[in-house]
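Chemist: File follows, my_file_35.cif with mmCIF, N, CA and C atoms:
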```
data_structure
#
loop_
_atom_site.label_atom_id
_atom_site.label_comp_id
_atom_site.auth_asym_id
_atom_site.auth_seq_id
_atom_site.Cartn_x
_atom_site.Cartn_y
_atom_site.Cartn_z
N MET A 1 -18.99 -177.24 -124.42
CA MET A 1 -18.07 -176.92 -125.49
C MET A 1 -17.33 -175.62 -125.14
N SER A 2 -16.03 -175.62 -125.20
CA SER A 2 -15.29 -174.40 -124.89
C SER A 2 -14.92 -173.68 -126.19
N VAL A 3 -14.92 -172.35 -126.10
CA VAL A 3 -14.58 -171.53 -127.25
C VAL A 3 -13.08 -171.26 -127.22
N GLN A 4 -12.40 -171.49 -128.35
CA GLN A 4 -10.97 -171.23 -128.42
C GLN A 4 -10.72 -170.11 -129.41
N GLY A 5 -9.58 -169.46 -129.24
CA GLY A 5 -9.22 -168.37 -130.13
C GLY A 5 -9.73 -167.04 -129.61
N ALA A 6 -9.60 -166.03 -130.46
CA ALA A 6 -10.00 -164.68 -130.09
C ALA A 6 -11.52 -164.57 -130.04
N THR A 7 -12.03 -163.99 -128.96
CA THR A 7 -13.47 -163.76 -128.82
C THR A 7 -13.71 -162.31 -128.40
N PRO A 8 -14.87 -161.77 -128.75
CA PRO A 8 -15.18 -160.42 -128.30
C PRO A 8 -15.13 -160.28 -126.78
N SER A 9 -15.66 -161.27 -126.07
CA SER A 9 -15.66 -161.17 -124.61
C SER A 9 -14.23 -161.27 -124.05
N GLY A 10 -13.37 -162.03 -124.69
CA GLY A 10 -11.97 -162.11 -124.26
C GLY A 10 -11.25 -160.79 -124.46
N PHE A 11 -11.48 -160.17 -125.62
CA PHE A 11 -10.88 -158.85 -125.88
C PHE A 11 -11.40 -157.84 -124.86
N LEU A 12 -12.70 -157.87 -124.57
CA LEU A 12 -13.27 -156.90 -123.65
C LEU A 12 -12.77 -157.12 -122.22
N THR A 13 -12.55 -158.36 -121.84
CA THR A 13 -11.98 -158.64 -120.52
C THR A 13 -10.62 -157.97 -120.39
N HIS A 14 -9.79 -158.12 -121.41
CA HIS A 14 -8.48 -157.47 -121.38
C HIS A 14 -8.62 -155.95 -121.41
N ALA A 15 -9.58 -155.44 -122.16
CA ALA A 15 -9.82 -153.99 -122.20
C ALA A 15 -10.15 -153.47 -120.81
N ARG A 16 -11.00 -154.20 -120.09
CA ARG A 16 -11.38 -153.81 -118.73
C ARG A 16 -10.17 -153.83 -117.80
N GLU A 17 -9.32 -154.84 -117.94
CA GLU A 17 -8.12 -154.94 -117.10
C GLU A 17 -7.16 -153.78 -117.36
N PHE A 18 -6.98 -153.40 -118.62
CA PHE A 18 -6.11 -152.26 -118.94
C PHE A 18 -6.72 -150.96 -118.44
N LEU A 19 -8.05 -150.84 -118.49
CA LEU A 19 -8.72 -149.65 -117.95
C LEU A 19 -8.45 -149.54 -116.45
N VAL A 20 -8.64 -150.61 -115.72
CA VAL A 20 -8.41 -150.60 -114.27
C VAL A 20 -6.95 -150.28 -113.97
N ALA A 21 -6.03 -150.88 -114.71
CA ALA A 21 -4.61 -150.58 -114.50
C ALA A 21 -4.31 -149.11 -114.77
N GLY A 22 -4.90 -148.57 -115.83
CA GLY A 22 -4.71 -147.16 -116.15
C GLY A 22 -5.23 -146.26 -115.06
N GLU A 23 -6.38 -146.60 -114.50
CA GLU A 23 -6.94 -145.80 -113.42
C GLU A 23 -6.08 -145.88 -112.16
N LEU A 24 -5.52 -147.05 -111.89
CA LEU A 24 -4.62 -147.17 -110.73
C LEU A 24 -3.39 -146.28 -110.91
N VAL A 25 -2.82 -146.30 -112.10
CA VAL A 25 -1.66 -145.45 -112.36
C VAL A 25 -2.04 -143.98 -112.24
N LEU A 26 -3.19 -143.61 -112.80
CA LEU A 26 -3.64 -142.21 -112.70
C LEU A 26 -3.80 -141.76 -111.27
N ASN A 27 -4.31 -142.64 -110.42
CA ASN A 27 -4.51 -142.29 -109.01
C ASN A 27 -3.21 -142.07 -108.27
N LYS A 28 -2.12 -142.64 -108.74
CA LYS A 28 -0.82 -142.50 -108.09
C LYS A 28 0.09 -141.49 -108.79
N ALA A 29 -0.27 -141.08 -109.99
CA ALA A 29 0.60 -140.22 -110.79
C ALA A 29 0.63 -138.80 -110.26
N ARG A 30 1.77 -138.19 -110.42
CA ARG A 30 1.92 -136.77 -110.13
C ARG A 30 2.21 -136.11 -111.47
N GLY A 31 1.26 -135.37 -111.96
CA GLY A 31 1.43 -134.75 -113.27
C GLY A 31 1.08 -135.71 -114.39
N VAL A 32 1.60 -135.42 -115.55
CA VAL A 32 1.31 -136.22 -116.75
C VAL A 32 1.95 -137.60 -116.62
N SER A 33 1.18 -138.64 -116.93
CA SER A 33 1.68 -140.01 -116.85
C SER A 33 1.53 -140.68 -118.21
N LEU A 34 2.64 -140.83 -118.92
CA LEU A 34 2.58 -141.53 -120.21
C LEU A 34 2.16 -142.99 -120.05
N PRO A 35 2.58 -143.69 -118.97
CA PRO A 35 2.08 -145.05 -118.79
C PRO A 35 0.55 -145.10 -118.66
N ALA A 36 -0.06 -144.10 -118.03
CA ALA A 36 -1.52 -144.08 -117.92
C ALA A 36 -2.14 -143.93 -119.31
N TYR A 37 -1.59 -143.04 -120.13
CA TYR A 37 -2.09 -142.89 -121.50
C TYR A 37 -1.93 -144.19 -122.28
N PHE A 38 -0.80 -144.87 -122.10
CA PHE A 38 -0.58 -146.15 -122.78
C PHE A 38 -1.65 -147.16 -122.38
N LEU A 39 -1.88 -147.29 -121.07
CA LEU A 39 -2.84 -148.28 -120.58
C LEU A 39 -4.26 -147.97 -121.05
N LEU A 40 -4.64 -146.70 -121.02
CA LEU A 40 -5.97 -146.32 -121.50
C LEU A 40 -6.06 -146.53 -123.01
N GLY A 41 -4.98 -146.21 -123.73
CA GLY A 41 -4.96 -146.45 -125.17
C GLY A 41 -5.12 -147.93 -125.51
N ARG A 42 -4.44 -148.77 -124.74
CA ARG A 42 -4.57 -150.22 -124.98
C ARG A 42 -6.00 -150.68 -124.71
N SER A 43 -6.63 -150.12 -123.69
CA SER A 43 -8.01 -150.47 -123.40
C SER A 43 -8.93 -150.05 -124.55
N VAL A 44 -8.72 -148.85 -125.08
CA VAL A 44 -9.52 -148.39 -126.23
C VAL A 44 -9.31 -149.35 -127.40
N GLU A 45 -8.05 -149.67 -127.68
CA GLU A 45 -7.74 -150.60 -128.78
C GLU A 45 -8.48 -151.92 -128.62
N LEU A 46 -8.40 -152.50 -127.45
CA LEU A 46 -9.03 -153.80 -127.22
C LEU A 46 -10.55 -153.72 -127.24
N SER A 47 -11.11 -152.62 -126.76
CA SER A 47 -12.57 -152.44 -126.81
C SER A 47 -13.04 -152.36 -128.25
N LEU A 48 -12.36 -151.56 -129.05
CA LEU A 48 -12.74 -151.44 -130.46
C LEU A 48 -12.58 -152.77 -131.18
N LYS A 49 -11.51 -153.49 -130.87
CA LYS A 49 -11.30 -154.80 -131.49
C LYS A 49 -12.35 -155.81 -131.03
N ALA A 50 -12.79 -155.72 -129.78
CA ALA A 50 -13.86 -156.60 -129.31
C ALA A 50 -15.12 -156.37 -130.14
N PHE A 51 -15.46 -155.10 -130.35
CA PHE A 51 -16.63 -154.80 -131.15
C PHE A 51 -16.46 -155.28 -132.59
N LEU A 52 -15.32 -154.99 -133.18
CA LEU A 52 -15.08 -155.38 -134.57
C LEU A 52 -15.13 -156.89 -134.75
N LEU A 53 -14.54 -157.62 -133.82
CA LEU A 53 -14.58 -159.08 -133.87
C LEU A 53 -16.02 -159.58 -133.77
N GLY A 54 -16.78 -158.96 -132.87
CA GLY A 54 -18.19 -159.35 -132.69
C GLY A 54 -19.07 -158.97 -133.87
N SER A 55 -18.61 -158.00 -134.67
CA SER A 55 -19.40 -157.58 -135.82
C SER A 55 -18.91 -158.23 -137.12
N GLY A 56 -18.03 -159.21 -136.99
CA GLY A 56 -17.66 -160.00 -138.16
C GLY A 56 -16.26 -159.82 -138.71
N MET A 57 -15.49 -158.87 -138.21
CA MET A 57 -14.12 -158.72 -138.69
C MET A 57 -13.27 -159.85 -138.10
N THR A 58 -12.33 -160.34 -138.87
CA THR A 58 -11.48 -161.42 -138.37
C THR A 58 -10.32 -160.86 -137.56
N ALA A 59 -9.78 -161.70 -136.70
CA ALA A 59 -8.60 -161.31 -135.91
C ALA A 59 -7.43 -161.03 -136.85
N THR A 60 -7.33 -161.77 -137.93
CA THR A 60 -6.25 -161.55 -138.91
C THR A 60 -6.36 -160.15 -139.52
N ASP A 61 -7.58 -159.73 -139.87
CA ASP A 61 -7.78 -158.38 -140.41
C ASP A 61 -7.35 -157.33 -139.40
N MET A 62 -7.69 -157.53 -138.14
CA MET A 62 -7.35 -156.54 -137.11
C MET A 62 -5.85 -156.44 -136.87
N LYS A 63 -5.12 -157.52 -137.16
CA LYS A 63 -3.67 -157.51 -136.97
C LYS A 63 -2.94 -156.90 -138.17
N SER A 64 -3.67 -156.63 -139.23
CA SER A 64 -3.04 -156.13 -140.46
C SER A 64 -2.42 -154.75 -140.24
N ARG A 65 -1.55 -154.38 -141.16
CA ARG A 65 -0.89 -153.08 -141.10
C ARG A 65 -1.91 -151.95 -141.11
N LYS A 66 -3.03 -152.15 -141.79
CA LYS A 66 -4.07 -151.11 -141.88
C LYS A 66 -4.62 -150.77 -140.49
N PHE A 67 -4.78 -151.77 -139.64
CA PHE A 67 -5.38 -151.54 -138.32
C PHE A 67 -4.34 -151.60 -137.21
N GLY A 68 -3.77 -152.77 -136.96
CA GLY A 68 -2.75 -152.92 -135.94
C GLY A 68 -3.08 -152.16 -134.67
N HIS A 69 -2.24 -151.17 -134.33
CA HIS A 69 -2.44 -150.35 -133.14
C HIS A 69 -2.98 -148.97 -133.49
N ASN A 70 -3.54 -148.82 -134.69
CA ASN A 70 -4.04 -147.54 -135.16
C ASN A 70 -5.46 -147.31 -134.63
N LEU A 71 -5.55 -146.60 -133.52
CA LEU A 71 -6.86 -146.37 -132.90
C LEU A 71 -7.81 -145.63 -133.83
N ALA A 72 -7.29 -144.69 -134.60
CA ALA A 72 -8.14 -143.93 -135.52
C ALA A 72 -8.75 -144.83 -136.58
N ALA A 73 -7.94 -145.71 -137.16
CA ALA A 73 -8.45 -146.64 -138.18
C ALA A 73 -9.44 -147.63 -137.57
N LEU A 74 -9.15 -148.12 -136.38
CA LEU A 74 -10.08 -149.04 -135.70
C LEU A 74 -11.40 -148.33 -135.41
N LEU A 75 -11.32 -147.07 -134.98
CA LEU A 75 -12.53 -146.31 -134.69
C LEU A 75 -13.37 -146.11 -135.95
N VAL A 76 -12.74 -145.73 -137.05
CA VAL A 76 -13.48 -145.54 -138.31
C VAL A 76 -14.16 -146.84 -138.71
N ALA A 77 -13.45 -147.96 -138.60
CA ALA A 77 -14.05 -149.26 -138.93
C ALA A 77 -15.22 -149.58 -138.00
N ALA A 78 -15.05 -149.31 -136.71
CA ALA A 78 -16.12 -149.58 -135.74
C ALA A 78 -17.33 -148.69 -135.99
N LEU A 79 -17.10 -147.42 -136.30
CA LEU A 79 -18.22 -146.53 -136.63
C LEU A 79 -18.94 -147.03 -137.87
N GLY A 80 -18.18 -147.50 -138.84
CA GLY A 80 -18.77 -148.03 -140.07
C GLY A 80 -19.58 -149.30 -139.85
N ARG A 81 -19.25 -150.03 -138.80
CA ARG A 81 -19.97 -151.27 -138.49
C ARG A 81 -21.05 -151.07 -137.41
N GLY A 82 -21.27 -149.82 -137.00
CA GLY A 82 -22.40 -149.52 -136.13
C GLY A 82 -22.15 -149.54 -134.65
N ILE A 83 -20.94 -149.24 -134.21
CA ILE A 83 -20.66 -149.25 -132.77
C ILE A 83 -21.57 -148.30 -132.00
N GLU A 84 -22.05 -147.25 -132.68
CA GLU A 84 -22.86 -146.26 -131.96
C GLU A 84 -24.24 -146.81 -131.58
N ALA A 85 -24.61 -147.96 -132.08
CA ALA A 85 -25.83 -148.62 -131.59
C ALA A 85 -25.60 -149.15 -130.17
N GLU A 86 -24.33 -149.35 -129.82
CA GLU A 86 -23.96 -149.86 -128.49
C GLU A 86 -23.46 -148.75 -127.58
N VAL A 87 -22.63 -147.86 -128.13
CA VAL A 87 -22.02 -146.77 -127.37
C VAL A 87 -22.10 -145.51 -128.22
N LYS A 88 -22.91 -144.56 -127.80
CA LYS A 88 -23.04 -143.29 -128.53
C LYS A 88 -21.87 -142.40 -128.13
N LEU A 89 -20.95 -142.21 -129.06
CA LEU A 89 -19.76 -141.40 -128.78
C LEU A 89 -20.02 -139.94 -129.11
N GLU A 90 -19.64 -139.07 -128.18
CA GLU A 90 -19.74 -137.63 -128.39
C GLU A 90 -18.62 -137.21 -129.35
N PRO A 91 -18.82 -136.13 -130.10
CA PRO A 91 -17.77 -135.68 -131.02
C PRO A 91 -16.42 -135.46 -130.32
N VAL A 92 -16.44 -134.93 -129.11
CA VAL A 92 -15.17 -134.70 -128.39
C VAL A 92 -14.50 -136.04 -128.07
N GLU A 93 -15.29 -137.08 -127.81
CA GLU A 93 -14.72 -138.40 -127.51
C GLU A 93 -14.09 -139.02 -128.76
N VAL A 94 -14.74 -138.83 -129.90
CA VAL A 94 -14.16 -139.29 -131.16
C VAL A 94 -12.83 -138.57 -131.39
N GLY A 95 -12.81 -137.26 -131.14
CA GLY A 95 -11.58 -136.48 -131.28
C GLY A 95 -10.49 -136.94 -130.34
N VAL A 96 -10.85 -137.28 -129.12
CA VAL A 96 -9.87 -137.76 -128.14
C VAL A 96 -9.23 -139.06 -128.63
N ILE A 97 -10.04 -139.98 -129.14
CA ILE A 97 -9.50 -141.26 -129.63
C ILE A 97 -8.56 -141.01 -130.81
N LYS A 98 -8.97 -140.13 -131.71
CA LYS A 98 -8.12 -139.83 -132.87
C LYS A 98 -6.80 -139.18 -132.45
N LEU A 99 -6.85 -138.26 -131.50
CA LEU A 99 -5.63 -137.61 -131.02
C LEU A 99 -4.75 -138.61 -130.26
N LEU A 100 -5.35 -139.42 -129.41
CA LEU A 100 -4.61 -140.44 -128.67
C LEU A 100 -3.90 -141.39 -129.62
N SER A 101 -4.53 -141.68 -130.75
CA SER A 101 -4.00 -142.63 -131.72
C SER A 101 -2.62 -142.22 -132.22
N TYR A 102 -2.41 -140.94 -132.40
CA TYR A 102 -1.16 -140.45 -132.99
C TYR A 102 0.06 -140.93 -132.20
N ASP A 103 0.13 -140.63 -130.93
CA ASP A 103 1.28 -141.03 -130.12
C ASP A 103 1.22 -142.50 -129.72
N TYR A 104 0.02 -143.05 -129.55
CA TYR A 104 -0.13 -144.46 -129.19
C TYR A 104 0.41 -145.34 -130.31
N MET A 105 0.02 -145.05 -131.53
CA MET A 105 0.43 -145.85 -132.68
C MET A 105 1.95 -145.77 -132.91
N GLU A 106 2.52 -144.63 -132.62
CA GLU A 106 3.96 -144.43 -132.81
C GLU A 106 4.79 -144.92 -131.62
N LYS A 107 4.13 -145.51 -130.62
CA LYS A 107 4.78 -146.10 -129.44
C LYS A 107 5.47 -145.06 -128.56
N ARG A 108 5.05 -143.80 -128.63
CA ARG A 108 5.68 -142.75 -127.82
C ARG A 108 5.37 -142.89 -126.34
N PHE A 109 4.30 -143.60 -125.99
CA PHE A 109 3.98 -143.80 -124.58
C PHE A 109 4.84 -144.92 -123.99
N GLU A 110 5.36 -145.78 -124.84
CA GLU A 110 6.17 -146.90 -124.39
C GLU A 110 7.66 -146.57 -124.39
N TYR A 111 8.10 -145.81 -125.37
CA TYR A 111 9.52 -145.50 -125.52
C TYR A 111 9.70 -143.99 -125.45
N ARG A 112 10.01 -143.53 -124.26
CA ARG A 112 10.10 -142.09 -124.00
C ARG A 112 11.20 -141.45 -124.84
N ASP A 113 10.85 -140.36 -125.48
CA ASP A 113 11.79 -139.56 -126.26
C ASP A 113 12.02 -138.28 -125.46
N THR A 114 13.10 -138.26 -124.66
CA THR A 114 13.38 -137.10 -123.84
C THR A 114 13.52 -135.88 -124.73
N GLY A 115 12.75 -134.86 -124.40
CA GLY A 115 12.75 -133.65 -125.20
C GLY A 115 11.76 -133.69 -126.35
N GLY A 116 11.17 -134.87 -126.60
CA GLY A 116 10.18 -135.01 -127.67
C GLY A 116 8.84 -134.41 -127.25
N THR A 117 7.97 -134.26 -128.20
CA THR A 117 6.66 -133.69 -127.94
C THR A 117 5.58 -134.75 -128.14
N CYS A 118 4.69 -134.86 -127.17
CA CYS A 118 3.52 -135.72 -127.30
C CYS A 118 2.29 -134.83 -127.45
N HIS A 119 1.34 -135.33 -128.18
CA HIS A 119 0.07 -134.62 -128.38
C HIS A 119 -0.99 -135.36 -127.57
N LEU A 120 -1.22 -134.88 -126.35
CA LEU A 120 -2.05 -135.61 -125.40
C LEU A 120 -3.45 -135.01 -125.29
N PRO A 121 -4.46 -135.85 -125.40
CA PRO A 121 -5.81 -135.37 -125.11
C PRO A 121 -5.96 -135.18 -123.60
N LEU A 122 -6.99 -134.47 -123.19
CA LEU A 122 -7.25 -134.30 -121.76
C LEU A 122 -7.44 -135.67 -121.12
N ILE A 123 -6.75 -135.90 -120.02
CA ILE A 123 -6.76 -137.22 -119.41
C ILE A 123 -8.13 -137.59 -118.86
N ASP A 124 -8.89 -136.61 -118.35
CA ASP A 124 -10.21 -136.94 -117.80
C ASP A 124 -11.16 -137.40 -118.90
N VAL A 125 -11.10 -136.76 -120.07
CA VAL A 125 -11.96 -137.17 -121.18
C VAL A 125 -11.48 -138.51 -121.75
N THR A 126 -10.16 -138.71 -121.75
CA THR A 126 -9.60 -139.98 -122.22
C THR A 126 -10.08 -141.13 -121.34
N GLU A 127 -10.01 -140.93 -120.03
CA GLU A 127 -10.48 -141.98 -119.10
C GLU A 127 -11.98 -142.20 -119.27
N LYS A 128 -12.74 -141.13 -119.45
CA LYS A 128 -14.19 -141.23 -119.59
C LYS A 128 -14.59 -142.04 -120.82
N VAL A 129 -14.00 -141.74 -121.97
CA VAL A 129 -14.38 -142.47 -123.19
C VAL A 129 -13.90 -143.92 -123.11
N THR A 130 -12.77 -144.14 -122.47
CA THR A 130 -12.27 -145.51 -122.31
C THR A 130 -13.26 -146.33 -121.48
N ARG A 131 -13.71 -145.75 -120.37
CA ARG A 131 -14.68 -146.43 -119.50
C ARG A 131 -16.00 -146.64 -120.24
N ARG A 132 -16.46 -145.63 -120.98
CA ARG A 132 -17.73 -145.75 -121.72
C ARG A 132 -17.68 -146.88 -122.74
N LEU A 133 -16.54 -147.05 -123.40
CA LEU A 133 -16.41 -148.15 -124.36
C LEU A 133 -16.50 -149.51 -123.65
N VAL A 134 -15.75 -149.66 -122.58
CA VAL A 134 -15.74 -150.95 -121.88
C VAL A 134 -17.13 -151.28 -121.35
N VAL A 135 -17.74 -150.35 -120.64
CA VAL A 135 -19.06 -150.60 -120.04
C VAL A 135 -20.12 -150.74 -121.13
N GLY A 136 -20.05 -149.88 -122.14
CA GLY A 136 -21.07 -149.88 -123.19
C GLY A 136 -21.06 -151.10 -124.07
N LEU A 137 -19.93 -151.80 -124.14
CA LEU A 137 -19.84 -152.98 -125.01
C LEU A 137 -20.06 -154.29 -124.26
N GLU A 138 -20.28 -154.23 -122.95
CA GLU A 138 -20.43 -155.47 -122.17
C GLU A 138 -21.58 -156.33 -122.67
N SER A 139 -22.74 -155.75 -122.89
CA SER A 139 -23.90 -156.52 -123.34
C SER A 139 -23.66 -157.11 -124.73
N PHE A 140 -23.15 -156.28 -125.63
CA PHE A 140 -22.86 -156.73 -126.99
C PHE A 140 -21.91 -157.92 -126.98
N CYS A 141 -20.81 -157.79 -126.24
CA CYS A 141 -19.80 -158.86 -126.21
C CYS A 141 -20.31 -160.11 -125.51
N SER A 142 -21.13 -159.95 -124.48
CA SER A 142 -21.67 -161.15 -123.81
C SER A 142 -22.65 -161.87 -124.72
N GLN A 143 -23.38 -161.12 -125.54
CA GLN A 143 -24.29 -161.76 -126.51
C GLN A 143 -23.49 -162.49 -127.59
N CYS A 144 -22.38 -161.91 -127.99
CA CYS A 144 -21.50 -162.60 -128.96
C CYS A 144 -20.98 -163.89 -128.37
N GLY A 145 -20.62 -163.85 -127.08
CA GLY A 145 -20.12 -165.04 -126.40
C GLY A 145 -21.17 -166.13 -126.32
N ALA A 146 -22.43 -165.72 -126.10
CA ALA A 146 -23.52 -166.69 -126.05
C ALA A 146 -23.69 -167.33 -127.42
N ASP A 147 -23.54 -166.55 -128.48
CA ASP A 147 -23.67 -167.07 -129.83
C ASP A 147 -22.55 -168.06 -130.13
N GLU A 148 -21.33 -167.78 -129.60
CA GLU A 148 -20.18 -168.64 -129.87
C GLU A 148 -20.33 -170.00 -129.19
N ARG A 149 -21.05 -170.05 -128.08
CA ARG A 149 -21.17 -171.31 -127.32
C ARG A 149 -22.28 -172.19 -127.85
N THR A 150 -23.16 -171.65 -128.68
CA THR A 150 -24.29 -172.46 -129.15
C THR A 150 -24.02 -173.07 -130.49
#
```
Would you mind writing the structure in this file as structure tokens?
Modeler:
Amino acid sequence: MSVQGATPSGFLTHAREFLVAGELVLNKARGVSLPAYFLLGRSVELSLKAFLLGSGMTATDMKSRKFGHNLAALLVAALGRGIEAEVKLEPVEVGVIKLLSYDYMEKRFEYRDTGGTCHLPLIDVTEKVTRRLVVGLESFCSQCGADERT
């Protein structure tokens, strides 16, 4: 039996791909790279959505105006549903996700505003928390996938 539709493991697969793409861009970037922040932000978004989907939130709820691309709102929902049982986030990592959310949600990483100001978290901490989410949720999402197939 094949599983159709949105699945936690499908979201996490995409999160991993965006993480790898972000790291490739970072390795080639000279100075600040807004595309790298975008790719890491997308990975965070998909990781949080993978967890939320696996913990019972519907894909429709995640697409709502309340959540959408709002990393801070997704994080609060994930913390409320117990993500820290899977990935223990340090306070600085929570802060990085919340700060990243501001420009990510407003699409500033996608549509450059020459002369505009971005509020960027430290890129090394951003990459670290992104990787921790992807790696830390692998077991959870694979267990969700096993449940979906039975």
Chemist: Out of A:Leu46, A:Met57, A:Leu75, A:Met105, which residue has the shortest atom-to-atom distance to Arg16 in chain A when counting only N, CA and C atoms?
Modeler: A:Leu46
Chemist: If you run DSSP on this backbone, which residues of range 41-90 of chain A come out as helix (DSSP H, G or I), and could you give them as a ChimeraX atom specification?
Modeler: /A:41-54,59-63,71-80,83-85
Chemist: Skipping near chain neighbours, those fewer than 2 positions away, what residues fall within 8 Å of range 40-44 of chain A using only C-alpha atoms, listed as a list in words?
Modeler: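 Counting only C-alpha atoms, the residues come to His14, Ala15, Arg16, Glu17, Phe18, Leu19, Gly22, Ala36, Tyr37, Phe38, Leu46, Ser47, Leu48, Leu71, Ile97, Leu100, Ser101, Tyr104, Thr126, Glu127, Thr130, Leu133 and Val134 of chain A.
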Chemist: For a test of reading the model, state the distance in Å between CA of Gly31 in chain A and CA of Val129 in chain A, rounded to one decimal.
Modeler: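 Rounded to one decimal, the two atoms are 20.2 Å apart.
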Chemist: With distances taken over only C-alpha atoms, which residue among A:Val20, A:Val25, A:Cys118, A:Ala50 lies nearest Gly136 in chain A?
Modeler: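 Ranking A:Val20, A:Val25, A:Cys118, A:Ala50 by distance to Gly136 in chain A, first place goes to A:Ala50.
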